[in-house]
Amino acid sequence: MDPLDIMMKLDQIVPYFDPIISAENQLIIGYEVKPYFQTEDKELHNLCWFAQDESIPSEFRLELSNAVLHKVLDKYITTNQSQYLFIHYDAKLLLKDNGDSMIALLDGYVEQGLLLNNIVLQFAESFVTSHIDELKHLFAYIQTYGIQIAIDNVGQQNGNLDKLTIIKPNIIKVDVAFLQDDDLPQLYQDVHHLLSMLSRKIGATLLFKGIATFQQLNYAWRNGGRYYQGNYLVKTQPGFIAADNCKDKVKKDFHHFITFERKKMKAQLDLTETINEQLKTTLKKINPDDPYDETILTIASDCNDFTFRVYICNEAGFQLSSNAEKDEDGSWYLYAEGRQKNWSWRPYFFENIVRMNMEKKGILSDLYTDIEKDERIRTYSHPISDHLYIFIDIPYNFLFEQDGLL
């Protein structure tokens, strides 16, 4: 569409509302505003591109943004809404006048009952992270009014997660539209796990958008999403709808998720108990004075069904034994290259050492990618003395064959 045609017919702009659902109460707690242009023959054309096209004069983009805001806020006030309004705003336009025109526009509605803490200004991560020094103080100033800041499309290419700690957004938006039903890339899952931890640290809420399938909702739920958005839940609407529109659907899906996670936890506890009982039997026949390499070969032989690598470390993370590793024929060999390597850099290493010392029992790790085998594995660690710990690596093939271990 020609931008000039749009500017000549601003009265034909129609705001649509994309509902956002909370995991806490399964209710619609907000709407993302999506502007459309309606032609004379009632065809709708999405205008999200308009604000992003820098070939269009900034005056046009600002005028259109303000026109959309007026239409949205008029509808919001007259229908007595109280949910959050997520409003796309060009950060470059915001910088032009330090947000004064935007704040002045919103202030005009405060007298009509608008609560500024219900307004969420949404900005693209790519621009924000590349102009962090210019925007960090402006965002902090806007937030003093109670207006919330959302950063969109976080965690995609060229993302800079560390910069989010500088601007401290209220909401972090992640798009899961790239995930296929049968393809949930572990790389993204690890990034989103980091995002979940980061959002907790800075007090931000994680919102997953683009949810189009049951699997994608499950992914968002498992990765710390508090808010959800997408056609699988409820489609973009021309107006506001009942807050409990998809409550039953979300509750039903949550029930499936919880049932499955309980099944997984039971499978992990059962495996932990199985290995623990086997080690109790094996350790009884091991002489504490036996060489470490002899000890790991004995343990490897007894645990042959569920491991491919066994080694011993001390509490400082130094490996004292060789690696006992199983070859393709199922035979065990010693590889001395592992001796004196230090594994204390691994996440949760010292936390697990302390837990094992206090609880006097073994720990099953989460899934991670083994560097040498380049496959997803788990590791079972267990104290064998006050200062020594056995590590038993469990291969992907075994985990795959067991229900609930992946």
# chains A, B, ... in the order shown; residues from 1 in each chain; ligands from 1
>>> residues_around(residues="region 351-366 of chain A", least_positions_apart="2", cutoff="12 Å", atoms="only C-alpha atoms", output="PyMOL selection string")
chain A and resi 190+264-265+267-280+313-317+343-349+368-370+376-394+399+405-406
>>> residues_around(residues="Phe318 (chain A)", least_positions_apart="6", cutoff="7 Å", atoms="only C-alpha atoms", output="JSON, numbers by chain")
{"A": [340, 341, 342, 343]}
>>> residues_around(residues="Ala104 (chain A)", least_positions_apart="5", cutoff="12 Å", atoms="only C-alpha atoms", output="list in words")
Asn66, Leu69, His70, Asp97, Asn98, Gly99, Tyr109, Val110, Glu111, Leu116, Ile142 and Tyr145 of chain A
>>> closest_residue(among="A:Ala336, A:Leu4, A:Leu179, A:Leu47", to="Glu59 (chain A)", atoms="only C-alpha atoms")
A:Leu4
>>> residues_around(residues="region 238-251 of chain A", least_positions_apart="5", cutoff="12 Å", atoms="only C-alpha atoms", output="short mmCIF file (atom, residue, chain, number, x, y, z; two decimals) with N, CA, C and O atoms, in the first residue's frame")
data_model
loop_
_atom_site.label_atom_id
_atom_site.label_comp_id
_atom_site.auth_asym_id
_atom_site.auth_seq_id
_atom_site.Cartn_x
_atom_site.Cartn_y
_atom_site.Cartn_z
N ILE A 13 -8.32 3.58 9.58
CA ILE A 13 -7.49 2.70 10.42
C ILE A 13 -8.38 2.05 11.47
O ILE A 13 -9.16 2.72 12.15
N VAL A 14 -8.25 0.74 11.59
CA VAL A 14 -9.06 -0.03 12.53
C VAL A 14 -8.14 -0.80 13.47
O VAL A 14 -7.36 -1.64 13.02
N PRO A 15 -8.19 -0.53 14.77
CA PRO A 15 -7.34 -1.28 15.70
C PRO A 15 -7.94 -2.66 16.00
O PRO A 15 -9.14 -2.80 16.22
N TYR A 16 -7.08 -3.68 15.98
CA TYR A 16 -7.46 -5.03 16.42
C TYR A 16 -6.69 -5.34 17.70
O TYR A 16 -5.68 -4.70 18.02
N PHE A 17 -7.19 -6.34 18.43
CA PHE A 17 -6.64 -6.62 19.75
C PHE A 17 -6.28 -8.10 19.87
O PHE A 17 -7.13 -8.98 19.70
N ASP A 18 -5.01 -8.37 20.15
CA ASP A 18 -4.51 -9.73 20.28
C ASP A 18 -4.42 -10.09 21.77
O ASP A 18 -3.56 -9.56 22.49
N PRO A 19 -5.30 -10.95 22.26
CA PRO A 19 -5.36 -11.23 23.70
C PRO A 19 -4.10 -11.88 24.25
O PRO A 19 -3.42 -12.65 23.57
N ILE A 20 -3.81 -11.58 25.51
CA ILE A 20 -2.67 -12.14 26.23
C ILE A 20 -3.22 -12.80 27.50
O ILE A 20 -3.97 -12.17 28.26
N ILE A 21 -2.84 -14.06 27.70
CA ILE A 21 -3.40 -14.86 28.80
C ILE A 21 -2.35 -15.07 29.88
O ILE A 21 -1.17 -15.31 29.59
N SER A 22 -2.78 -15.01 31.13
CA SER A 22 -1.89 -15.23 32.27
C SER A 22 -1.93 -16.70 32.68
O SER A 22 -3.00 -17.31 32.78
N ALA A 23 -0.75 -17.25 32.98
CA ALA A 23 -0.68 -18.63 33.47
C ALA A 23 -1.27 -18.74 34.87
O ALA A 23 -1.76 -19.80 35.27
N GLU A 24 -1.27 -17.65 35.62
CA GLU A 24 -1.68 -17.70 37.02
C GLU A 24 -3.18 -17.96 37.18
O GLU A 24 -3.60 -18.79 37.97
N ASN A 25 -3.99 -17.22 36.42
CA ASN A 25 -5.45 -17.39 36.56
C ASN A 25 -6.13 -17.79 35.26
O ASN A 25 -7.35 -17.89 35.20
N GLN A 26 -5.33 -18.01 34.21
CA GLN A 26 -5.82 -18.45 32.89
C GLN A 26 -6.82 -17.44 32.28
O GLN A 26 -7.65 -17.80 31.45
N LEU A 27 -6.72 -16.20 32.70
CA LEU A 27 -7.61 -15.15 32.18
C LEU A 27 -6.86 -14.23 31.22
O LEU A 27 -5.63 -14.15 31.25
N ILE A 28 -7.61 -13.56 30.37
CA ILE A 28 -7.02 -12.54 29.50
C ILE A 28 -6.68 -11.33 30.37
O ILE A 28 -7.55 -10.72 30.97
N ILE A 29 -5.39 -11.02 30.44
CA ILE A 29 -4.96 -9.89 31.30
C ILE A 29 -4.51 -8.69 30.48
O ILE A 29 -4.15 -7.65 31.04
N GLY A 30 -4.53 -8.82 29.15
CA GLY A 30 -4.12 -7.70 28.33
C GLY A 30 -4.32 -7.97 26.86
O GLY A 30 -4.70 -9.08 26.45
N TYR A 31 -4.07 -6.93 26.06
CA TYR A 31 -4.21 -7.03 24.62
C TYR A 31 -3.07 -6.29 23.95
O TYR A 31 -2.71 -5.18 24.35
N GLU A 32 -2.51 -6.92 22.91
CA GLU A 32 -1.55 -6.21 22.07
C GLU A 32 -2.33 -5.55 20.94
O GLU A 32 -3.14 -6.19 20.26
N VAL A 33 -2.09 -4.27 20.73
CA VAL A 33 -2.79 -3.52 19.69
C VAL A 33 -2.13 -3.77 18.34
O VAL A 33 -0.92 -3.63 18.19
N LYS A 34 -2.95 -4.13 17.35
CA LYS A 34 -2.45 -4.35 15.99
C LYS A 34 -3.30 -3.52 15.02
O LYS A 34 -4.48 -3.81 14.84
N PRO A 35 -2.72 -2.49 14.43
CA PRO A 35 -3.50 -1.62 13.54
C PRO A 35 -3.68 -2.21 12.15
O PRO A 35 -2.77 -2.81 11.58
N TYR A 36 -4.87 -2.04 11.62
CA TYR A 36 -5.19 -2.46 10.25
C TYR A 36 -5.76 -1.28 9.48
O TYR A 36 -6.35 -0.37 10.07
N GLN A 38 -8.55 -0.50 6.66
CA GLN A 38 -9.71 -1.11 6.03
C GLN A 38 -10.07 -0.36 4.75
O GLN A 38 -10.39 0.83 4.78
N LEU A 44 -8.94 -5.92 4.92
CA LEU A 44 -8.07 -5.46 6.00
C LEU A 44 -6.61 -5.69 5.64
O LEU A 44 -6.23 -6.76 5.18
N LYS A 71 -7.57 6.11 18.75
CA LYS A 71 -8.67 5.18 18.50
C LYS A 71 -8.73 4.10 19.58
O LYS A 71 -9.81 3.75 20.07
N VAL A 72 -7.56 3.57 19.94
CA VAL A 72 -7.50 2.49 20.93
C VAL A 72 -7.95 2.99 22.30
O VAL A 72 -8.77 2.36 22.98
N LYS A 75 -11.68 3.67 22.65
CA LYS A 75 -12.43 2.43 22.80
C LYS A 75 -12.21 1.82 24.18
O LYS A 75 -13.13 1.29 24.81
N TYR A 76 -10.97 1.89 24.66
CA TYR A 76 -10.60 1.32 25.96
C TYR A 76 -11.36 2.02 27.09
O TYR A 76 -11.90 1.38 27.99
N ILE A 77 -11.42 3.36 27.02
CA ILE A 77 -12.07 4.14 28.07
C ILE A 77 -13.58 3.97 28.03
O ILE A 77 -14.23 3.73 29.05
N THR A 78 -14.16 4.03 26.83
CA THR A 78 -15.62 3.99 26.73
C THR A 78 -16.20 2.61 27.07
O THR A 78 -17.37 2.51 27.42
N THR A 79 -15.37 1.57 26.98
CA THR A 79 -15.85 0.22 27.33
C THR A 79 -15.40 -0.22 28.72
O THR A 79 -15.58 -1.38 29.10
N ASN A 80 -14.82 0.74 29.47
CA ASN A 80 -14.43 0.49 30.87
C ASN A 80 -13.52 -0.73 31.04
O ASN A 80 -13.75 -1.59 31.89
N GLN A 81 -12.48 -0.78 30.23
CA GLN A 81 -11.53 -1.89 30.31
C GLN A 81 -10.48 -1.63 31.41
O GLN A 81 -10.21 -0.49 31.76
N SER A 82 -9.90 -2.72 31.91
CA SER A 82 -8.86 -2.57 32.95
C SER A 82 -7.65 -3.46 32.68
O SER A 82 -6.75 -3.54 33.50
N GLN A 83 -7.63 -4.13 31.52
CA GLN A 83 -6.49 -4.97 31.20
C GLN A 83 -5.32 -4.13 30.69
O GLN A 83 -5.46 -2.95 30.39
N TYR A 84 -4.17 -4.79 30.57
CA TYR A 84 -3.01 -4.11 30.01
C TYR A 84 -3.22 -3.87 28.52
O TYR A 84 -3.82 -4.69 27.82
N LEU A 85 -2.71 -2.76 28.04
CA LEU A 85 -2.69 -2.46 26.61
C LEU A 85 -1.24 -2.45 26.14
O LEU A 85 -0.45 -1.60 26.56
N PHE A 214 -0.41 -26.88 20.55
CA PHE A 214 -0.36 -27.43 21.91
C PHE A 214 1.10 -27.56 22.36
O PHE A 214 1.45 -27.23 23.49
N LEU A 217 2.64 -24.21 23.34
CA LEU A 217 2.17 -23.77 24.65
C LEU A 217 2.90 -24.54 25.74
O LEU A 217 3.31 -23.97 26.76
N ASN A 218 3.08 -25.85 25.54
CA ASN A 218 3.82 -26.66 26.50
C ASN A 218 5.25 -26.16 26.66
O ASN A 218 5.78 -26.07 27.77
N TRP A 221 5.23 -22.99 28.68
CA TRP A 221 4.95 -23.31 30.09
C TRP A 221 6.18 -23.89 30.77
O TRP A 221 6.50 -23.53 31.90
N TYR A 227 3.03 -15.19 30.79
CA TYR A 227 1.98 -14.75 29.87
C TYR A 227 2.14 -15.48 28.54
O TYR A 227 3.25 -15.77 28.09
N TYR A 228 0.98 -15.73 27.87
CA TYR A 228 0.97 -16.44 26.60
C TYR A 228 0.10 -15.70 25.59
O TYR A 228 -0.92 -15.11 25.94
N GLN A 229 0.50 -15.83 24.31
CA GLN A 229 -0.21 -15.11 23.26
C GLN A 229 -0.11 -15.90 21.96
O GLN A 229 0.96 -16.39 21.61
N GLY A 230 -1.22 -16.04 21.25
CA GLY A 230 -1.17 -16.74 19.98
C GLY A 230 -2.50 -17.33 19.57
O GLY A 230 -3.42 -17.48 20.39
N ASN A 231 -2.62 -17.69 18.30
CA ASN A 231 -3.89 -18.17 17.74
C ASN A 231 -4.35 -19.48 18.35
O ASN A 231 -5.54 -19.80 18.30
N TYR A 232 -3.43 -20.27 18.89
CA TYR A 232 -3.85 -21.53 19.51
C TYR A 232 -4.77 -21.25 20.70
O TYR A 232 -5.68 -22.03 20.99
N LEU A 233 -4.53 -20.16 21.38
CA LEU A 233 -5.32 -19.80 22.56
C LEU A 233 -6.57 -19.04 22.16
O LEU A 233 -7.69 -19.44 22.48
N HIS A 256 -2.76 -31.55 31.37
CA HIS A 256 -1.94 -32.49 30.60
C HIS A 256 -0.45 -32.27 30.90
O HIS A 256 0.30 -33.23 31.09
N PHE A 257 -0.04 -30.99 30.94
CA PHE A 257 1.36 -30.68 31.19
C PHE A 257 1.80 -31.22 32.56
O PHE A 257 2.87 -31.82 32.70
N ILE A 258 0.98 -30.95 33.57
CA ILE A 258 1.33 -31.34 34.93
C ILE A 258 1.39 -32.85 35.07
O ILE A 258 2.30 -33.41 35.70
#
>>> select_by_dssp(residues="region 32-281 of chain A", states="strand (DSSP E)", output="ChimeraX atom specification")
/A:32-38,44-46,84-88,119-124,148-152,171-175,205-209,227-228
>>> closest_residue(among="A:Cys48, A:Val128, A:Met7, A:Leu334", to="Phe308 (chain A)", atoms="only C-alpha atoms")
A:Leu334
>>> atom_distance(atom1="CA of Leu121 (chain A)", atom2="CA of Ile87 (chain A)")
5.0 Å
>>> residues_around(residues="Leu95 (chain A)", least_positions_apart="2", cutoff="12 Å", atoms="only C-alpha atoms", output="mmCIF file with C-alpha atoms, in the first residue's frame")
data_model
loop_
_atom_site.group_PDB
_atom_site.id
_atom_site.type_symbol
_atom_site.label_atom_id
_atom_site.label_comp_id
_atom_site.auth_asym_id
_atom_site.auth_seq_id
_atom_site.Cartn_x
_atom_site.Cartn_y
_atom_site.Cartn_z
ATOM 1 C CA SER A 58 9.099 10.154 10.751
ATOM 2 C CA LEU A 62 4.376 9.578 14.423
ATOM 3 C CA TYR A 89 6.032 2.284 19.572
ATOM 4 C CA ASP A 90 9.024 3.230 17.464
ATOM 5 C CA ALA A 91 11.921 3.843 19.856
ATOM 6 C CA LYS A 92 13.518 6.146 17.293
ATOM 7 C CA LEU A 93 10.447 8.393 17.383
ATOM 8 C CA ASP A 97 11.400 14.409 21.758
ATOM 9 C CA ASN A 98 12.319 12.267 24.798
ATOM 10 C CA GLY A 99 8.859 10.760 24.798
ATOM 11 C CA ASP A 100 7.116 14.076 25.501
ATOM 12 C CA SER A 101 4.476 13.789 22.752
ATOM 13 C CA MET A 102 3.621 10.223 23.727
ATOM 14 C CA PHE A 127 16.949 -1.287 18.023
ATOM 15 C CA VAL A 128 16.911 -1.060 21.806
ATOM 16 C CA HIS A 131 20.945 2.215 21.276
ATOM 17 C CA ILE A 132 21.128 1.159 24.894
ATOM 18 C CA ASP A 133 22.988 4.244 26.162
ATOM 19 C CA GLU A 134 20.454 6.611 24.614
ATOM 20 C CA LEU A 135 17.405 4.687 25.779
ATOM 21 C CA LYS A 136 18.231 3.445 29.279
ATOM 22 C CA HIS A 137 17.570 6.782 31.006
ATOM 23 C CA LEU A 138 14.535 7.522 28.831
ATOM 24 C CA PHE A 139 12.988 4.156 29.673
ATOM 25 C CA ILE A 142 8.910 6.662 31.342
#
>>> residues_around(residues="Ala300 (chain A)", least_positions_apart="4", cutoff="7 Å", atoms="only C-alpha atoms", output="list in words")
Ile296, Asn304 and Val310 of chain A
>>> write_last_selection(atoms="N, CA, C and O atoms", output="short mmCIF file (atom, residue, chain, number, x, y, z; two decimals), in the first residue's frame")
data_model
loop_
_atom_site.label_atom_id
_atom_site.label_comp_id
_atom_site.auth_asym_id
_atom_site.auth_seq_id
_atom_site.Cartn_x
_atom_site.Cartn_y
_atom_site.Cartn_z
N ILE A 296 36.53 -48.03 39.12
CA ILE A 296 35.57 -47.60 38.09
C ILE A 296 35.23 -48.74 37.13
O ILE A 296 34.11 -48.81 36.62
N ASN A 304 26.53 -51.74 33.69
CA ASN A 304 26.72 -51.82 32.25
C ASN A 304 25.47 -51.48 31.44
O ASN A 304 25.54 -50.89 30.37
N VAL A 310 32.36 -43.92 33.10
CA VAL A 310 32.43 -43.83 34.56
C VAL A 310 33.77 -43.23 34.95
O VAL A 310 34.81 -43.57 34.36
#
>>> closest_residue(among="A:Ile172, A:Leu115, A:Ala51, A:Ile103", to="Tyr141 (chain A)", atoms="only C-alpha atoms")
A:Ile103
>>> closest_residue(among="A:Val234, A:His88, A:Asn117, A:Leu105", to="Ile151 (chain A)", atoms="only C-alpha atoms")
A:His88
>>> atom_distance(atom1="CA of Gly224 (chain A)", atom2="CA of Glu372 (chain A)")
29.8 Å
>>> decode(residues="region 299-312 of chain A", atoms="all heavy atoms", output="PDB file, in the first residue's frame")
ATOM      1  N   ILE A 299      32.556 -50.780  38.909  1.00  0.00           N
ATOM      2  CA  ILE A 299      31.265 -50.085  38.871  1.00  0.00           C
ATOM      3  C   ILE A 299      30.693 -50.099  37.454  1.00  0.00           C
ATOM      4  O   ILE A 299      29.493 -50.345  37.248  1.00  0.00           O
ATOM      5  CB  ILE A 299      31.415 -48.635  39.389  1.00  0.00           C
ATOM      6  CG1 ILE A 299      31.748 -48.648  40.885  1.00  0.00           C
ATOM      7  CG2 ILE A 299      30.146 -47.817  39.121  1.00  0.00           C
ATOM      8  CD1 ILE A 299      32.086 -47.281  41.463  1.00  0.00           C
ATOM      9  N   ALA A 300      31.543 -49.856  36.471  1.00  0.00           N
ATOM     10  CA  ALA A 300      31.088 -49.858  35.075  1.00  0.00           C
ATOM     11  C   ALA A 300      30.501 -51.207  34.694  1.00  0.00           C
ATOM     12  O   ALA A 300      29.457 -51.296  34.034  1.00  0.00           O
ATOM     13  CB  ALA A 300      32.242 -49.493  34.147  1.00  0.00           C
ATOM     14  N   SER A 301      31.143 -52.275  35.116  1.00  0.00           N
ATOM     15  CA  SER A 301      30.658 -53.618  34.790  1.00  0.00           C
ATOM     16  C   SER A 301      29.285 -53.877  35.409  1.00  0.00           C
ATOM     17  O   SER A 301      28.380 -54.401  34.747  1.00  0.00           O
ATOM     18  CB  SER A 301      31.667 -54.656  35.272  1.00  0.00           C
ATOM     19  OG  SER A 301      31.192 -55.970  35.027  1.00  0.00           O
ATOM     20  N   ASP A 302      29.122 -53.475  36.685  1.00  0.00           N
ATOM     21  CA  ASP A 302      27.846 -53.707  37.364  1.00  0.00           C
ATOM     22  C   ASP A 302      26.734 -52.801  36.841  1.00  0.00           C
ATOM     23  O   ASP A 302      25.547 -53.141  36.939  1.00  0.00           O
ATOM     24  CB  ASP A 302      28.018 -53.496  38.877  1.00  0.00           C
ATOM     25  CG  ASP A 302      28.728 -54.672  39.547  1.00  0.00           C
ATOM     26  OD1 ASP A 302      29.139 -55.600  38.820  1.00  0.00           O
ATOM     27  OD2 ASP A 302      28.887 -54.656  40.784  1.00  0.00           O
ATOM     28  N   CYS A 303      27.105 -51.643  36.310  1.00  0.00           N
ATOM     29  CA  CYS A 303      26.104 -50.675  35.805  1.00  0.00           C
ATOM     30  C   CYS A 303      26.057 -50.676  34.278  1.00  0.00           C
ATOM     31  O   CYS A 303      25.603 -49.705  33.656  1.00  0.00           O
ATOM     32  CB  CYS A 303      26.432 -49.267  36.317  1.00  0.00           C
ATOM     33  SG  CYS A 303      26.391 -49.095  38.113  1.00  0.00           S
ATOM     34  N   ASN A 304      26.534 -51.741  33.689  1.00  0.00           N
ATOM     35  CA  ASN A 304      26.722 -51.818  32.245  1.00  0.00           C
ATOM     36  C   ASN A 304      25.468 -51.485  31.444  1.00  0.00           C
ATOM     37  O   ASN A 304      25.536 -50.893  30.369  1.00  0.00           O
ATOM     38  CB  ASN A 304      27.208 -53.224  31.876  1.00  0.00           C
ATOM     39  CG  ASN A 304      27.500 -53.351  30.395  1.00  0.00           C
ATOM     40  OD1 ASN A 304      28.459 -52.788  29.885  1.00  0.00           O
ATOM     41  ND2 ASN A 304      26.655 -54.102  29.698  1.00  0.00           N
ATOM     42  N   ASP A 305      24.308 -51.833  31.978  1.00  0.00           N
ATOM     43  CA  ASP A 305      23.058 -51.664  31.213  1.00  0.00           C
ATOM     44  C   ASP A 305      22.678 -50.209  30.992  1.00  0.00           C
ATOM     45  O   ASP A 305      21.911 -49.910  30.067  1.00  0.00           O
ATOM     46  CB  ASP A 305      21.901 -52.377  31.924  1.00  0.00           C
ATOM     47  CG  ASP A 305      22.039 -53.894  31.873  1.00  0.00           C
ATOM     48  OD1 ASP A 305      22.829 -54.383  31.032  1.00  0.00           O
ATOM     49  OD2 ASP A 305      21.369 -54.572  32.670  1.00  0.00           O
ATOM     50  N   PHE A 306      23.164 -49.306  31.832  1.00  0.00           N
ATOM     51  CA  PHE A 306      22.687 -47.925  31.732  1.00  0.00           C
ATOM     52  C   PHE A 306      23.799 -46.871  31.737  1.00  0.00           C
ATOM     53  O   PHE A 306      23.538 -45.694  32.021  1.00  0.00           O
ATOM     54  CB  PHE A 306      21.689 -47.611  32.859  1.00  0.00           C
ATOM     55  CG  PHE A 306      22.155 -47.998  34.241  1.00  0.00           C
ATOM     56  CD1 PHE A 306      23.081 -47.224  34.921  1.00  0.00           C
ATOM     57  CD2 PHE A 306      21.661 -49.143  34.841  1.00  0.00           C
ATOM     58  CE1 PHE A 306      23.499 -47.569  36.184  1.00  0.00           C
ATOM     59  CE2 PHE A 306      22.076 -49.510  36.118  1.00  0.00           C
ATOM     60  CZ  PHE A 306      23.002 -48.722  36.788  1.00  0.00           C
ATOM     61  N   THR A 307      25.028 -47.252  31.408  1.00  0.00           N
ATOM     62  CA  THR A 307      26.068 -46.231  31.351  1.00  0.00           C
ATOM     63  C   THR A 307      27.052 -46.519  30.228  1.00  0.00           C
ATOM     64  O   THR A 307      27.188 -47.650  29.760  1.00  0.00           O
ATOM     65  CB  THR A 307      26.832 -46.130  32.686  1.00  0.00           C
ATOM     66  OG1 THR A 307      27.753 -45.037  32.632  1.00  0.00           O
ATOM     67  CG2 THR A 307      27.608 -47.416  32.973  1.00  0.00           C
ATOM     68  N   PHE A 308      27.746 -45.467  29.786  1.00  0.00           N
ATOM     69  CA  PHE A 308      28.798 -45.627  28.775  1.00  0.00           C
ATOM     70  C   PHE A 308      30.120 -45.027  29.239  1.00  0.00           C
ATOM     71  O   PHE A 308      31.154 -45.217  28.610  1.00  0.00           O
ATOM     72  CB  PHE A 308      28.385 -44.965  27.448  1.00  0.00           C
ATOM     73  CG  PHE A 308      28.371 -43.447  27.501  1.00  0.00           C
ATOM     74  CD1 PHE A 308      29.472 -42.699  27.115  1.00  0.00           C
ATOM     75  CD2 PHE A 308      27.235 -42.770  27.943  1.00  0.00           C
ATOM     76  CE1 PHE A 308      29.447 -41.303  27.149  1.00  0.00           C
ATOM     77  CE2 PHE A 308      27.199 -41.381  27.979  1.00  0.00           C
ATOM     78  CZ  PHE A 308      28.310 -40.643  27.594  1.00  0.00           C
ATOM     79  N   ARG A 309      30.101 -44.316  30.379  1.00  0.00           N
ATOM     80  CA  ARG A 309      31.332 -43.705  30.881  1.00  0.00           C
ATOM     81  C   ARG A 309      31.255 -43.583  32.397  1.00  0.00           C
ATOM     82  O   ARG A 309      30.223 -43.171  32.939  1.00  0.00           O
ATOM     83  CB  ARG A 309      31.538 -42.320  30.263  1.00  0.00           C
ATOM     84  CG  ARG A 309      32.849 -41.657  30.658  1.00  0.00           C
ATOM     85  CD  ARG A 309      32.862 -40.170  30.301  1.00  0.00           C
ATOM     86  NE  ARG A 309      32.823 -39.948  28.864  1.00  0.00           N
ATOM     87  CZ  ARG A 309      32.015 -39.076  28.274  1.00  0.00           C
ATOM     88  NH1 ARG A 309      31.148 -38.374  28.998  1.00  0.00           N
ATOM     89  NH2 ARG A 309      32.038 -38.918  26.971  1.00  0.00           N
ATOM     90  N   VAL A 310      32.365 -43.919  33.102  1.00  0.00           N
ATOM     91  CA  VAL A 310      32.426 -43.829  34.560  1.00  0.00           C
ATOM     92  C   VAL A 310      33.771 -43.233  34.955  1.00  0.00           C
ATOM     93  O   VAL A 310      34.806 -43.567  34.361  1.00  0.00           O
ATOM     94  CB  VAL A 310      32.271 -45.228  35.220  1.00  0.00           C
ATOM     95  CG1 VAL A 310      32.367 -45.122  36.743  1.00  0.00           C
ATOM     96  CG2 VAL A 310      30.951 -45.874  34.809  1.00  0.00           C
ATOM     97  N   TYR A 311      33.769 -42.334  35.946  1.00  0.00           N
ATOM     98  CA  TYR A 311      35.030 -41.760  36.435  1.00  0.00           C
ATOM     99  C   TYR A 311      34.841 -41.251  37.858  1.00  0.00           C
ATOM    100  O   TYR A 311      33.708 -41.127  38.351  1.00  0.00           O
ATOM    101  CB  TYR A 311      35.528 -40.650  35.512  1.00  0.00           C
ATOM    102  CG  TYR A 311      34.534 -39.534  35.260  1.00  0.00           C
ATOM    103  CD1 TYR A 311      34.559 -38.352  36.003  1.00  0.00           C
ATOM    104  CD2 TYR A 311      33.572 -39.661  34.263  1.00  0.00           C
ATOM    105  CE1 TYR A 311      33.645 -37.332  35.766  1.00  0.00           C
ATOM    106  CE2 TYR A 311      32.658 -38.662  34.014  1.00  0.00           C
ATOM    107  CZ  TYR A 311      32.697 -37.496  34.770  1.00  0.00           C
ATOM    108  OH  TYR A 311      31.785 -36.499  34.540  1.00  0.00           O
ATOM    109  N   ILE A 312      35.943 -40.954  38.527  1.00  0.00           N
ATOM    110  CA  ILE A 312      35.933 -40.500  39.924  1.00  0.00           C
ATOM    111  C   ILE A 312      36.566 -39.112  40.011  1.00  0.00           C
ATOM    112  O   ILE A 312      37.618 -38.850  39.411  1.00  0.00           O
ATOM    113  CB  ILE A 312      36.706 -41.483  40.830  1.00  0.00           C
ATOM    114  CG1 ILE A 312      35.958 -42.808  40.948  1.00  0.00           C
ATOM    115  CG2 ILE A 312      36.938 -40.885  42.226  1.00  0.00           C
ATOM    116  CD1 ILE A 312      36.739 -43.891  41.680  1.00  0.00           C
TER     117      ILE A 312
END
